[in-house]
$ cat data-v4.csv   # CSV, C-alpha atoms and all ligand atoms
chain,number,residue,atom,x,y,z
M,1,MET,CA,0.0,0.0,0.0
M,2,SER,CA,1.5,3.3,-1.0
M,3,LYS,CA,1.7,6.3,1.1
M,4,THR,CA,-1.2,8.0,-0.7
M,5,GLU,CA,-3.5,5.0,-1.0
M,6,GLY,CA,-6.5,4.9,1.3
M,7,MET,CA,-6.9,8.6,1.5
M,8,ASN,CA,-10.5,9.6,1.6
M,9,GLY,CA,-12.2,12.6,0.1
M,10,THR,CA,-11.1,14.9,2.9
M,11,GLY,CA,-7.5,14.1,2.3
M,12,ARG,CA,-7.3,12.3,5.5
M,13,ARG,CA,-6.4,8.7,5.8
M,14,PRO,CA,-9.2,6.4,6.9
M,15,GLY,CA,-9.7,6.2,10.6
M,16,PHE,CA,-8.1,3.0,11.4
M,17,LEU,CA,-4.6,4.2,10.8
M,18,THR,CA,-4.9,7.6,12.4
M,19,ARG,CA,-4.4,8.3,16.0
M,20,ARG,CA,-8.1,8.3,16.6
M,21,GLY,CA,-8.5,5.1,14.6
M,22,LEU,CA,-5.5,3.1,15.6
M,23,LEU,CA,-5.9,3.7,19.3
M,24,GLY,CA,-9.7,3.9,19.3
M,25,VAL,CA,-9.6,7.3,20.9
M,26,THR,CA,-11.0,10.7,20.8
M,27,ALA,CA,-9.0,13.5,22.3
M,28,ALA,CA,-11.7,15.0,24.5
M,29,VAL,CA,-10.4,17.6,26.8
M,30,GLY,CA,-11.2,17.2,30.5
M,31,ALA,CA,-10.9,19.6,33.4
M,32,GLY,CA,-7.6,18.1,34.5
M,33,THR,CA,-5.6,19.1,37.6
M,34,ALA,CA,-1.9,19.3,37.9
M,35,ALA,CA,-0.4,15.8,37.7
M,36,THR,CA,2.0,14.4,40.3
M,37,ALA,CA,5.2,16.0,39.0
M,38,MET,CA,8.4,14.1,39.0
M,39,SER,CA,11.6,15.0,37.3
M,40,ARG,CA,12.8,12.7,34.6
M,41,GLY,CA,15.3,10.0,35.4
M,42,THR,CA,14.8,10.3,39.1
M,43,THR,CA,13.3,8.1,41.6
M,44,ALA,CA,10.2,9.4,43.3
M,45,SER,CA,7.8,8.1,45.8
M,46,ALA,CA,4.1,8.2,45.4
M,47,GLY,CA,3.7,8.7,49.2
M,48,PRO,CA,1.6,6.6,51.5
M,49,ALA,CA,-0.8,4.1,50.1
M,50,ALA,CA,-4.3,5.4,49.5
M,51,GLY,CA,-5.6,1.9,49.3
M,52,ARG,CA,-9.1,0.9,50.1
M,53,ALA,CA,-9.8,-0.9,53.4
M,54,GLY,CA,-8.7,-4.5,53.3
M,55,ARG,CA,-6.2,-4.0,50.4
M,56,PRO,CA,-2.5,-4.4,51.0
M,57,ALA,CA,-0.1,-1.4,51.1
M,58,PRO,CA,2.7,-1.4,48.6
M,59,PRO,CA,5.3,-3.9,49.7
M,60,GLY,CA,8.3,-1.5,49.6
M,61,GLY,CA,11.2,-1.9,47.3
M,62,LEU,CA,8.9,-2.0,44.2
M,63,ARG,CA,10.1,0.2,41.3
M,64,LEU,CA,8.2,1.0,38.1
M,65,ARG,CA,10.0,2.8,35.4
M,66,TRP,CA,8.3,4.1,32.3
M,67,PHE,CA,9.9,4.0,28.9
M,68,GLY,CA,7.0,5.7,27.0
M,69,ASN,CA,4.2,4.0,25.2
M,70,ASN,CA,3.2,0.9,27.1
M,71,SER,CA,6.9,0.0,27.9
M,72,TRP,CA,7.4,-0.7,31.6
M,73,GLU,CA,10.2,-2.1,33.7
M,74,ILE,CA,9.0,-3.5,37.1
M,75,ARG,CA,11.7,-4.3,39.6
M,76,VAL,CA,10.9,-6.3,42.7
M,77,GLY,CA,13.4,-5.3,45.3
M,78,THR,CA,16.1,-2.7,45.5
M,79,GLY,CA,19.3,-4.6,44.6
M,80,ALA,CA,21.0,-4.4,41.3
M,81,SER,CA,20.0,-8.0,40.6
M,82,ALA,CA,16.4,-7.5,41.7
M,83,PRO,CA,13.9,-9.6,39.7
M,84,THR,CA,12.8,-7.6,36.7
M,85,VAL,CA,9.7,-7.8,34.5
M,86,LEU,CA,9.4,-5.9,31.3
M,87,ILE,CA,6.0,-5.1,29.6
M,88,ASP,CA,5.9,-4.3,25.9
M,89,PRO,CA,9.5,-2.9,25.9
M,90,TRP,CA,9.9,-0.6,22.9
M,91,LEU,CA,12.9,1.7,22.8
M,92,THR,CA,13.8,2.1,19.1
M,93,ARG,CA,10.9,4.4,18.3
M,94,PHE,CA,11.3,4.6,14.5
M,95,TRP,CA,9.1,7.3,12.8
M,96,THR,CA,5.6,6.1,12.2
M,97,GLY,CA,3.4,9.2,11.8
M,98,THR,CA,0.8,7.5,13.9
M,99,TYR,CA,-0.1,10.7,15.7
M,100,SER,CA,0.2,12.9,12.6
M,101,GLU,CA,-2.9,14.1,10.7
M,102,ALA,CA,-2.2,11.6,8.0
M,103,GLY,CA,-1.7,8.7,10.3
M,104,ALA,CA,0.7,5.8,9.9
M,105,ALA,CA,1.2,4.3,6.5
M,106,PRO,CA,0.9,0.5,6.6
M,107,ASP,CA,4.0,0.1,4.5
M,108,THR,CA,6.1,2.0,7.1
M,109,PRO,CA,9.3,-0.1,7.6
M,110,ILE,CA,9.9,-1.4,11.1
M,111,LYS,CA,13.3,-0.8,12.5
M,112,VAL,CA,15.2,-2.3,15.4
M,113,ASP,CA,18.1,-0.1,16.6
M,114,THR,CA,20.2,-2.4,18.7
M,115,GLY,CA,22.5,0.4,19.7
M,116,VAL,CA,19.6,2.4,21.2
M,117,ILE,CA,18.1,-0.7,22.9
M,118,ASP,CA,21.5,-1.8,24.3
M,119,GLY,CA,22.2,1.7,25.5
M,120,TYR,CA,19.4,1.3,28.1
M,121,ARG,CA,21.1,-1.8,29.6
M,122,LEU,CA,17.9,-3.5,30.5
M,123,ARG,CA,17.8,-6.7,32.4
M,124,ALA,CA,14.8,-8.9,32.5
M,125,ASP,CA,13.6,-12.2,33.9
M,126,GLN,CA,10.2,-12.1,32.1
M,127,ILE,CA,9.0,-10.0,29.2
M,128,LEU,CA,5.2,-9.7,28.9
M,129,VAL,CA,3.7,-8.9,25.5
M,130,THR,CA,0.2,-7.5,25.4
M,131,HIS,CA,-0.2,-7.6,21.6
M,132,GLY,CA,1.7,-7.8,18.4
M,133,HIS,CA,1.6,-4.2,17.1
M,134,TYR,CA,4.7,-2.4,16.1
M,135,ASP,CA,4.8,-0.1,19.1
M,136,HIS,CA,4.6,-3.1,21.5
M,137,MET,CA,6.6,-6.0,20.1
M,138,THR,CA,9.2,-4.8,17.6
M,139,ASP,CA,12.1,-4.7,20.1
M,140,VAL,CA,11.2,-7.8,22.1
M,141,PRO,CA,13.1,-10.4,20.0
M,142,HIS,CA,16.4,-8.5,20.5
M,143,LEU,CA,15.7,-8.0,24.2
M,144,ALA,CA,14.9,-11.6,24.5
M,145,ARG,CA,18.4,-12.4,23.1
M,146,THR,CA,20.2,-9.9,25.3
M,147,THR,CA,18.4,-10.5,28.6
M,148,GLY,CA,17.7,-14.3,28.3
M,149,ALA,CA,14.2,-13.6,29.7
M,150,THR,CA,11.1,-15.8,29.3
M,151,VAL,CA,8.8,-14.1,26.8
M,152,PHE,CA,5.0,-14.6,27.1
M,153,GLY,CA,2.6,-13.9,24.3
M,154,THR,CA,-0.1,-15.5,22.2
M,155,GLU,CA,0.7,-18.1,19.6
M,156,THR,CA,0.6,-15.3,16.9
M,157,HIS,CA,3.0,-13.1,19.0
M,158,VAL,CA,5.4,-16.0,19.5
M,159,ASN,CA,5.3,-17.0,15.8
M,160,LEU,CA,6.1,-13.4,14.7
M,161,MET,CA,8.9,-13.2,17.3
M,162,ARG,CA,10.3,-16.5,16.0
M,163,ALA,CA,10.3,-14.9,12.5
M,164,MET,CA,12.2,-12.0,14.0
M,165,GLY,CA,14.9,-14.2,15.4
M,166,ALA,CA,13.9,-14.5,19.0
M,167,PRO,CA,15.4,-17.6,20.8
M,168,ASP,CA,12.7,-20.2,20.4
M,169,GLU,CA,13.4,-21.9,23.7
M,170,GLN,CA,12.6,-18.6,25.6
M,171,LEU,CA,9.2,-18.1,24.0
M,172,SER,CA,6.1,-19.2,25.9
M,173,VAL,CA,2.6,-19.4,24.3
M,174,VAL,CA,-0.1,-18.3,26.7
M,175,SER,CA,-3.8,-17.7,26.1
M,176,GLY,CA,-5.0,-16.0,29.3
M,177,GLY,CA,-5.7,-17.5,32.8
M,178,GLU,CA,-2.2,-18.8,33.4
M,179,GLN,CA,-0.6,-18.0,36.7
M,180,LEU,CA,3.2,-18.3,37.3
M,181,GLN,CA,4.8,-18.1,40.7
M,182,TYR,CA,8.3,-16.6,41.0
M,183,GLU,CA,10.4,-15.8,44.0
M,184,GLY,CA,8.7,-12.9,45.7
M,185,TYR,CA,6.1,-12.3,43.0
M,186,SER,CA,3.6,-13.9,40.6
M,187,VAL,CA,2.4,-13.1,37.1
M,188,GLN,CA,-1.1,-13.8,35.9
M,189,VAL,CA,-1.9,-13.7,32.2
M,190,LEU,CA,-5.4,-12.3,31.5
M,191,ARG,CA,-7.3,-12.5,28.2
M,192,SER,CA,-8.0,-9.0,27.0
M,193,LEU,CA,-9.3,-6.9,24.0
M,194,HIS,CA,-7.8,-4.4,21.7
M,195,SER,CA,-9.4,-1.1,21.0
M,196,MET,CA,-11.5,-0.7,17.9
M,197,GLY,CA,-11.3,2.5,15.9
M,198,GLY,CA,-12.4,4.2,12.7
M,199,ASP,CA,-15.7,4.8,11.0
M,200,HIS,CA,-16.3,1.1,10.9
M,201,PRO,CA,-14.8,0.2,14.3
M,202,ARG,CA,-12.2,-2.5,14.0
M,203,VAL,CA,-8.9,-3.5,15.4
M,204,ALA,CA,-6.0,-2.1,13.4
M,205,PHE,CA,-3.8,-4.6,11.6
M,206,ALA,CA,-6.1,-7.4,12.9
M,207,GLY,CA,-5.1,-11.0,12.2
M,208,THR,CA,-3.3,-14.0,13.5
M,209,ARG,CA,-0.4,-16.2,12.4
M,210,PRO,CA,-1.2,-19.5,14.1
M,211,GLY,CA,0.2,-22.9,13.5
M,212,GLN,CA,3.6,-24.5,13.4
M,213,ARG,CA,4.9,-22.7,10.3
M,214,ILE,CA,7.1,-19.7,11.1
M,215,PRO,CA,5.7,-16.7,9.1
M,216,GLU,CA,7.9,-14.5,6.9
M,217,ALA,CA,9.9,-12.0,8.9
M,218,PRO,CA,7.9,-8.8,9.4
M,219,THR,CA,9.3,-5.8,7.5
M,220,THR,CA,6.5,-3.3,7.8
M,221,ILE,CA,4.2,-2.2,10.6
M,222,ALA,CA,1.3,-3.9,8.9
M,223,ASP,CA,3.1,-7.2,9.1
M,224,LEU,CA,3.0,-7.0,12.9
M,225,VAL,CA,-0.6,-8.0,13.3
M,226,GLU,CA,-2.4,-7.6,16.6
M,227,GLY,CA,-2.6,-11.4,17.1
M,228,GLY,CA,-5.0,-11.3,20.1
M,229,SER,CA,-4.6,-9.1,23.2
M,230,LEU,CA,-3.5,-10.0,26.7
M,231,SER,CA,-3.4,-8.1,30.0
M,232,TYR,CA,-1.2,-9.0,32.9
M,233,ARG,CA,-1.4,-8.9,36.7
M,234,ILE,CA,1.8,-8.8,38.6
M,235,SER,CA,1.3,-9.6,42.3
M,236,VAL,CA,4.0,-8.6,44.9
M,237,GLY,CA,3.2,-9.5,48.5
M,238,GLY,CA,-0.6,-9.3,47.7
M,239,PHE,CA,-0.2,-5.9,46.0
M,240,ASP,CA,-1.6,-6.3,42.5
M,241,ILE,CA,-0.4,-4.4,39.5
M,242,VAL,CA,-2.6,-4.7,36.4
M,243,ASN,CA,-1.5,-3.5,33.0
M,244,LEU,CA,-3.8,-3.0,30.0
M,245,GLY,CA,-1.9,-2.6,26.7
M,246,SER,CA,-4.9,-1.2,24.8
M,247,SER,CA,-8.1,0.6,25.7
M,248,ASN,CA,-10.7,-2.1,25.7
M,249,PHE,CA,-11.8,-5.0,28.0
M,250,SER,CA,-14.5,-7.5,28.8
M,251,GLU,CA,-15.8,-7.9,32.3
M,252,HIS,CA,-15.7,-11.6,31.9
M,253,ASP,CA,-11.9,-11.6,31.4
M,254,PHE,CA,-11.2,-9.7,34.6
M,255,GLU,CA,-13.6,-11.7,36.8
M,256,GLY,CA,-12.2,-11.9,40.4
M,257,VAL,CA,-9.3,-9.6,39.5
M,258,ARG,CA,-8.5,-6.7,41.7
M,259,ALA,CA,-5.9,-4.0,41.1
M,260,ASP,CA,-4.1,-1.9,43.7
M,261,LEU,CA,-2.2,-0.2,40.9
M,262,LEU,CA,-3.7,0.0,37.4
M,263,MET,CA,-1.8,1.0,34.3
M,264,ILE,CA,-4.5,2.4,32.0
M,265,GLN,CA,-4.3,4.2,28.7
M,266,PRO,CA,-6.4,7.1,27.4
M,267,GLY,CA,-9.0,6.3,24.8
M,268,GLY,CA,-11.8,3.8,24.8
M,269,ALA,CA,-14.1,6.6,23.5
M,270,ASN,CA,-16.4,4.1,21.8
M,271,VAL,CA,-16.4,1.7,24.8
M,272,PRO,CA,-19.4,2.5,27.1
M,273,ASP,CA,-18.2,3.9,30.4
M,274,TYR,CA,-14.7,2.6,29.7
M,275,VAL,CA,-12.9,4.2,32.6
M,276,ALA,CA,-15.7,4.0,35.2
M,277,ARG,CA,-16.6,0.4,34.5
M,278,LEU,CA,-13.0,-0.7,34.6
M,279,LEU,CA,-12.2,1.1,37.8
M,280,ASP,CA,-15.3,-0.3,39.4
M,281,LEU,CA,-14.5,-3.8,38.2
M,282,LEU,CA,-11.0,-3.7,39.5
M,283,GLY,CA,-12.1,-2.4,42.9
M,284,HIS,CA,-11.0,1.2,42.6
M,285,PRO,CA,-7.2,0.9,42.6
M,286,ALA,CA,-5.3,3.0,45.1
M,287,TYR,CA,-3.0,4.1,42.3
M,288,VAL,CA,-3.9,4.8,38.7
M,289,VAL,CA,-0.9,5.3,36.4
M,290,PRO,CA,-1.5,6.4,32.9
M,291,THR,CA,0.3,4.5,30.1
M,292,HIS,CA,0.5,4.8,26.3
M,293,TRP,CA,-0.4,8.5,26.6
M,294,ASP,CA,2.7,9.9,24.8
M,295,ASP,CA,3.2,10.6,21.1
M,296,PHE,CA,5.8,7.9,20.4
M,297,ASP,CA,7.2,9.6,17.4
M,298,GLU,CA,8.7,12.1,19.8
M,299,PRO,CA,12.1,11.1,21.4
M,300,LEU,CA,12.2,8.9,24.5
M,301,ASP,CA,15.1,10.9,26.0
M,302,ARG,CA,13.0,14.1,26.1
M,303,PRO,CA,9.9,14.9,28.1
M,304,ALA,CA,6.8,13.0,27.0
M,305,VAL,CA,4.4,14.8,24.6
M,306,ASP,CA,0.8,14.1,25.3
M,307,TRP,CA,-1.0,13.0,22.2
M,308,GLY,CA,-4.1,14.6,23.6
M,309,GLY,CA,-5.9,12.0,25.8
M,310,LEU,CA,-4.3,12.5,29.2
M,311,ASP,CA,-6.6,15.2,30.6
M,312,ALA,CA,-9.7,13.3,29.7
M,313,LEU,CA,-8.4,10.2,31.3
M,314,ARG,CA,-7.4,12.1,34.5
M,315,ALA,CA,-10.8,13.7,34.7
M,316,ALA,CA,-12.6,10.3,34.1
M,317,VAL,CA,-10.5,8.7,36.8
M,318,ARG,CA,-11.2,11.5,39.3
M,319,GLU,CA,-14.9,11.3,38.6
M,320,ALA,CA,-15.2,7.5,38.8
M,321,SER,CA,-12.7,6.9,41.6
M,322,PRO,CA,-11.9,10.1,43.5
M,323,GLU,CA,-10.0,8.1,46.1
M,324,SER,CA,-7.5,6.8,43.5
M,325,ARG,CA,-4.2,8.5,43.2
M,326,PHE,CA,-3.5,9.5,39.6
M,327,VAL,CA,0.3,9.2,39.3
M,328,LYS,CA,1.7,10.4,35.9
M,329,LEU,CA,5.3,9.5,35.2
M,330,ASP,CA,7.4,11.2,32.5
M,331,HIS,CA,9.7,9.4,30.2
M,332,LEU,CA,12.3,7.3,32.1
M,333,GLU,CA,11.0,8.2,35.5
M,334,THR,CA,10.8,5.6,38.2
M,335,LEU,CA,7.9,5.3,40.7
M,336,SER,CA,9.0,3.7,43.9
M,337,LEU,CA,6.4,2.1,46.1
G,1,ZN,ZN,-2.2,-1.8,19.4
$ encode --input "data-v4.csv" --output "C-alpha cells"
Amino acid sequence: MSKTEGMNGTGRRPGFLTRRGLLGVTAAVGAGTAATAMSRGTTASAGPAAGRAGRPAPPGGLRLRWFGNNSWEIRVGTGASAPTVLIDPWLTRFWTGTYSEAGAAPDTPIKVDTGVIDGYRLRADQILVTHGHYDHMTDVPHLARTTGATVFGTETHVNLMRAMGAPDEQLSVVSGGEQLQYEGYSVQVLRSLHSMGGDHPRVAFAGTRPGQRIPEAPTTIADLVEGGSLSYRISVGGFDIVNLGSSNFSEHDFEGVRADLLMIQPGGANVPDYVARLLDLLGHPAYVVPTHWDDFDEPLDRPAVDWGGLDALRAAVREASPESRFVKLDHLETLSL
C-alpha cells in the first residue's frame, strides 16, 4: 500500500490508521488538575498508600520505570539483581506518523536499533507482550536475546517473534488465565481486548499467524498483526499491578481480578463507560498510572508529549474513583512504592 492510497475525500487517511482510529480514541479535553510531578530520570515516591480498606499497602522496594508508550520495567526489590519484569518494551521508536494528521502508512518499515536498545542496559527475567503491534513487540526479539528472559505472548505473537529471530526456547505461548509463581512475585496472564477505531470500528492490523509454520519475517508495521490481546497482573506481596496494553476490555476476562495499581491508557471513546466500568470492576485501585499517553514519534530521552488524551483520562478517573491517586510519570521516570 503506497503512502497515498487509502486517503478519503477529505484528504485524511481512513480512521483505522490515524491516532483516533489506531488507538480507538477521541481526544476529548477534560478539566484536569496538575499531575503528580516528578523530574525525569529520578526516583520518586508516590507517598503513603491510598488503598481501600482491606487492600494491602505497597510492599516496599517496588520500582516501576516508564519507557514511554506501554513500555514498563518493574523491579521487585532494590538490589542491582532484583527480579525484573518488562512489559511491551519498545525503545527504538522509529518514525511512524501514527499521531500525525495523515496517520501511519501500513508500509512503514519497522526498524530495530540495537545500539539504542542496548544503551538502556535493561535486564529482564520475564517479558510480557500485550499484543503484536509495532509499538509493543518490535524490540522484544532483540531484548529476549540480550536478557535471556522468558517471553510470554499468544501463539501469533510467538510466531512473529520467532520470525524476527527471538530464541525459540525462551518463547512461551499463553492464552490467558495462566498463573506463574516466581520468587517474591507472581504473574497472571489475562485475556483482553484491543481497542477498535475508525468509522467502521475494528482492530488495526487485525489478524493471526497461528500454526507450526514460522511466518515470513515482518518488515512493515502492517506485518505485525495484533494477534490477540493480553493483559497482565503482577502480584507482589498481595499488592496487585494490572496493565492494559490497549483501551478495551471485557468484564468476563477480569472476573475476580482486583488492582491496587492500574496502568490504563487514554482512549476507549467508543467503549461504554470505559474508565468508570474498569475502575469499578477492579475495585477502585489505590494508584492509577497512565500509560500509552505519549506521542511515540517524539524522542524517549526528552519529556513525553501528550497525544491529547491525558486530561480526559485524568478527569474520568477522578470522577469515577476520587480516592484513587493518579500518578503520571514522565519518560524514564521511576515510581518507587
Ligand atoms: Zn495496538
$ residues_around --input "data-v4.csv" --residues "M:Arg55" --least-positions-apart "4" --cutoff "12 Å" --atoms "only C-alpha atoms" --output "ChimeraX atom specification"
/M:49-51,59,237-240,258-261,282-287
$ residues_around --input "data-v4.csv" --residues "stretch 272-276 of chain M" --least-positions-apart "3" --cutoff "7 Å" --atoms "only C-alpha atoms" --output "JSON, numbers by chain"
{"M": [268, 279, 280, 316, 317, 320]}
$ atom_distance --input "data-v4.csv" --atom1 "atom CA of M:Leu230" --atom2 "atom CA of M:Met263"
13.5 Å
$ residues_around --input "data-v4.csv" --residues "stretch 171-186 of chain M" --least-positions-apart "2" --cutoff "6 Å" --atoms "only C-alpha atoms" --output "JSON list (two decimals) with C-alpha atoms, in the frame of the given file"
[["chain", "number", "residue", "atom", "x", "y", "z"],
["M", 151, "VAL", "CA", 8.80, -14.10, 26.80],
["M", 152, "PHE", "CA", 5.00, -14.60, 27.10],
["M", 153, "GLY", "CA", 2.60, -13.90, 24.30],
["M", 154, "THR", "CA", -0.10, -15.50, 22.20],
["M", 155, "GLU", "CA", 0.70, -18.10, 19.60],
["M", 168, "ASP", "CA", 12.70, -20.20, 20.40],
["M", 169, "GLU", "CA", 13.40, -21.90, 23.70],
["M", 188, "GLN", "CA", -1.10, -13.80, 35.90],
["M", 189, "VAL", "CA", -1.90, -13.70, 32.20],
["M", 190, "LEU", "CA", -5.40, -12.30, 31.50],
["M", 191, "ARG", "CA", -7.30, -12.50, 28.20],
["M", 234, "ILE", "CA", 1.80, -8.80, 38.60],
["M", 235, "SER", "CA", 1.30, -9.60, 42.30],
["M", 236, "VAL", "CA", 4.00, -8.60, 44.90]]
$ closest_atom_pairs --input "data-v4.csv" --of "chain M" --to "ligand ZN 1 (chain G)" --cutoff "7 Å" --atoms "only C-alpha atoms and all ligand atoms" --output "tab-separated table"
residue	atom	partner	partner_atom	distance
M:Leu23	CA	G:ZN1	ZN	6.6
M:His131	CA	G:ZN1	ZN	6.5
M:His133	CA	G:ZN1	ZN	5.0
M:His194	CA	G:ZN1	ZN	6.6
M:Glu226	CA	G:ZN1	ZN	6.4
M:Ser246	CA	G:ZN1	ZN	6.1
$ atom_distance --input "data-v4.csv" --atom1 "atom CA of M:Thr334" --atom2 "atom CA of M:Ala269"
28.9 Å
$ residues_around --input "data-v4.csv" --residues "M:Asp294" --least-positions-apart "3" --cutoff "10 Å" --atoms "all atoms listed in the file" --output "count of residues only"
21
$ atom_distance --input "data-v4.csv" --atom1 "atom CA of M:Tyr120" --atom2 "atom CA of M:Thr138"
15.9 Å
$ closest_residue --input "data-v4.csv" --among "M:Ala312, M:Ile221, M:Leu329, M:Ala163" --to "M:Ile110" --atoms "all atoms listed in the file"
M:Ile221
$ residues_around --input "data-v4.csv" --residues "M:Leu224" --least-positions-apart "2" --cutoff "12 Å" --atoms "only C-alpha atoms" --output "number ranges by chain"
M: 106-110, 131-139, 156-161, 163-164, 204-209, 215-222, 226-228
$ closest_residue --input "data-v4.csv" --among "M:His142, M:Ser100, M:Arg325, M:Val85" --to "M:Ala124" --atoms "all atoms listed in the file"
M:Val85
$ closest_residue --input "data-v4.csv" --among "M:Tyr232, M:Arg202, M:Lys111, M:Ala57" --to "M:Ile127" --atoms "all atoms listed in the file"
M:Tyr232
$ closest_residue --input "data-v4.csv" --among "M:Arg145, M:His200, M:Arg277, M:Arg65" --to "M:Glu319" --atoms "only C-alpha atoms"
M:Arg277
$ decode --input "data-v4.csv" --residues "stretch 145-157 of chain M" --atoms "N, CA and C atoms" --output "PDB file, in the first residue's frame"
ATOM      1  N   ARG M 145      16.982 -11.911  23.325  1.00  0.00           N
ATOM      2  CA  ARG M 145      18.360 -12.404  23.141  1.00  0.00           C
ATOM      3  C   ARG M 145      19.309 -11.823  24.178  1.00  0.00           C
ATOM      4  N   THR M 146      19.215 -10.517  24.425  1.00  0.00           N
ATOM      5  CA  THR M 146      20.217  -9.884  25.291  1.00  0.00           C
ATOM      6  C   THR M 146      19.953 -10.121  26.776  1.00  0.00           C
ATOM      7  N   THR M 147      18.683 -10.365  27.136  1.00  0.00           N
ATOM      8  CA  THR M 147      18.368 -10.544  28.558  1.00  0.00           C
ATOM      9  C   THR M 147      18.235 -12.011  28.954  1.00  0.00           C
ATOM     10  N   GLY M 148      17.911 -12.869  28.011  1.00  0.00           N
ATOM     11  CA  GLY M 148      17.668 -14.272  28.348  1.00  0.00           C
ATOM     12  C   GLY M 148      16.324 -14.497  29.016  1.00  0.00           C
ATOM     13  N   ALA M 149      15.453 -13.484  29.003  1.00  0.00           N
ATOM     14  CA  ALA M 149      14.165 -13.568  29.700  1.00  0.00           C
ATOM     15  C   ALA M 149      13.215 -14.555  29.029  1.00  0.00           C
ATOM     16  N   THR M 150      12.286 -15.061  29.835  1.00  0.00           N
ATOM     17  CA  THR M 150      11.134 -15.772  29.282  1.00  0.00           C
ATOM     18  C   THR M 150      10.202 -14.741  28.663  1.00  0.00           C
ATOM     19  N   VAL M 151       9.696 -15.016  27.478  1.00  0.00           N
ATOM     20  CA  VAL M 151       8.796 -14.075  26.808  1.00  0.00           C
ATOM     21  C   VAL M 151       7.425 -14.722  26.668  1.00  0.00           C
ATOM     22  N   PHE M 152       6.396 -14.035  27.194  1.00  0.00           N
ATOM     23  CA  PHE M 152       5.029 -14.555  27.108  1.00  0.00           C
ATOM     24  C   PHE M 152       4.234 -13.791  26.058  1.00  0.00           C
ATOM     25  N   GLY M 153       3.475 -14.529  25.263  1.00  0.00           N
ATOM     26  CA  GLY M 153       2.598 -13.925  24.265  1.00  0.00           C
ATOM     27  C   GLY M 153       1.688 -14.995  23.702  1.00  0.00           C
ATOM     28  N   THR M 154       0.770 -14.567  22.860  1.00  0.00           N
ATOM     29  CA  THR M 154      -0.113 -15.539  22.213  1.00  0.00           C
ATOM     30  C   THR M 154       0.673 -16.327  21.165  1.00  0.00           C
ATOM     31  N   GLU M 155       0.030 -17.324  20.606  1.00  0.00           N
ATOM     32  CA  GLU M 155       0.666 -18.125  19.552  1.00  0.00           C
ATOM     33  C   GLU M 155       1.120 -17.233  18.386  1.00  0.00           C
ATOM     34  N   THR M 156       0.277 -16.275  18.026  1.00  0.00           N
ATOM     35  CA  THR M 156       0.650 -15.347  16.941  1.00  0.00           C
ATOM     36  C   THR M 156       1.863 -14.508  17.327  1.00  0.00           C
ATOM     37  N   HIS M 157       1.852 -13.947  18.526  1.00  0.00           N
ATOM     38  CA  HIS M 157       2.994 -13.124  18.951  1.00  0.00           C
ATOM     39  C   HIS M 157       4.278 -13.949  18.910  1.00  0.00           C
TER      40      HIS M 157
END
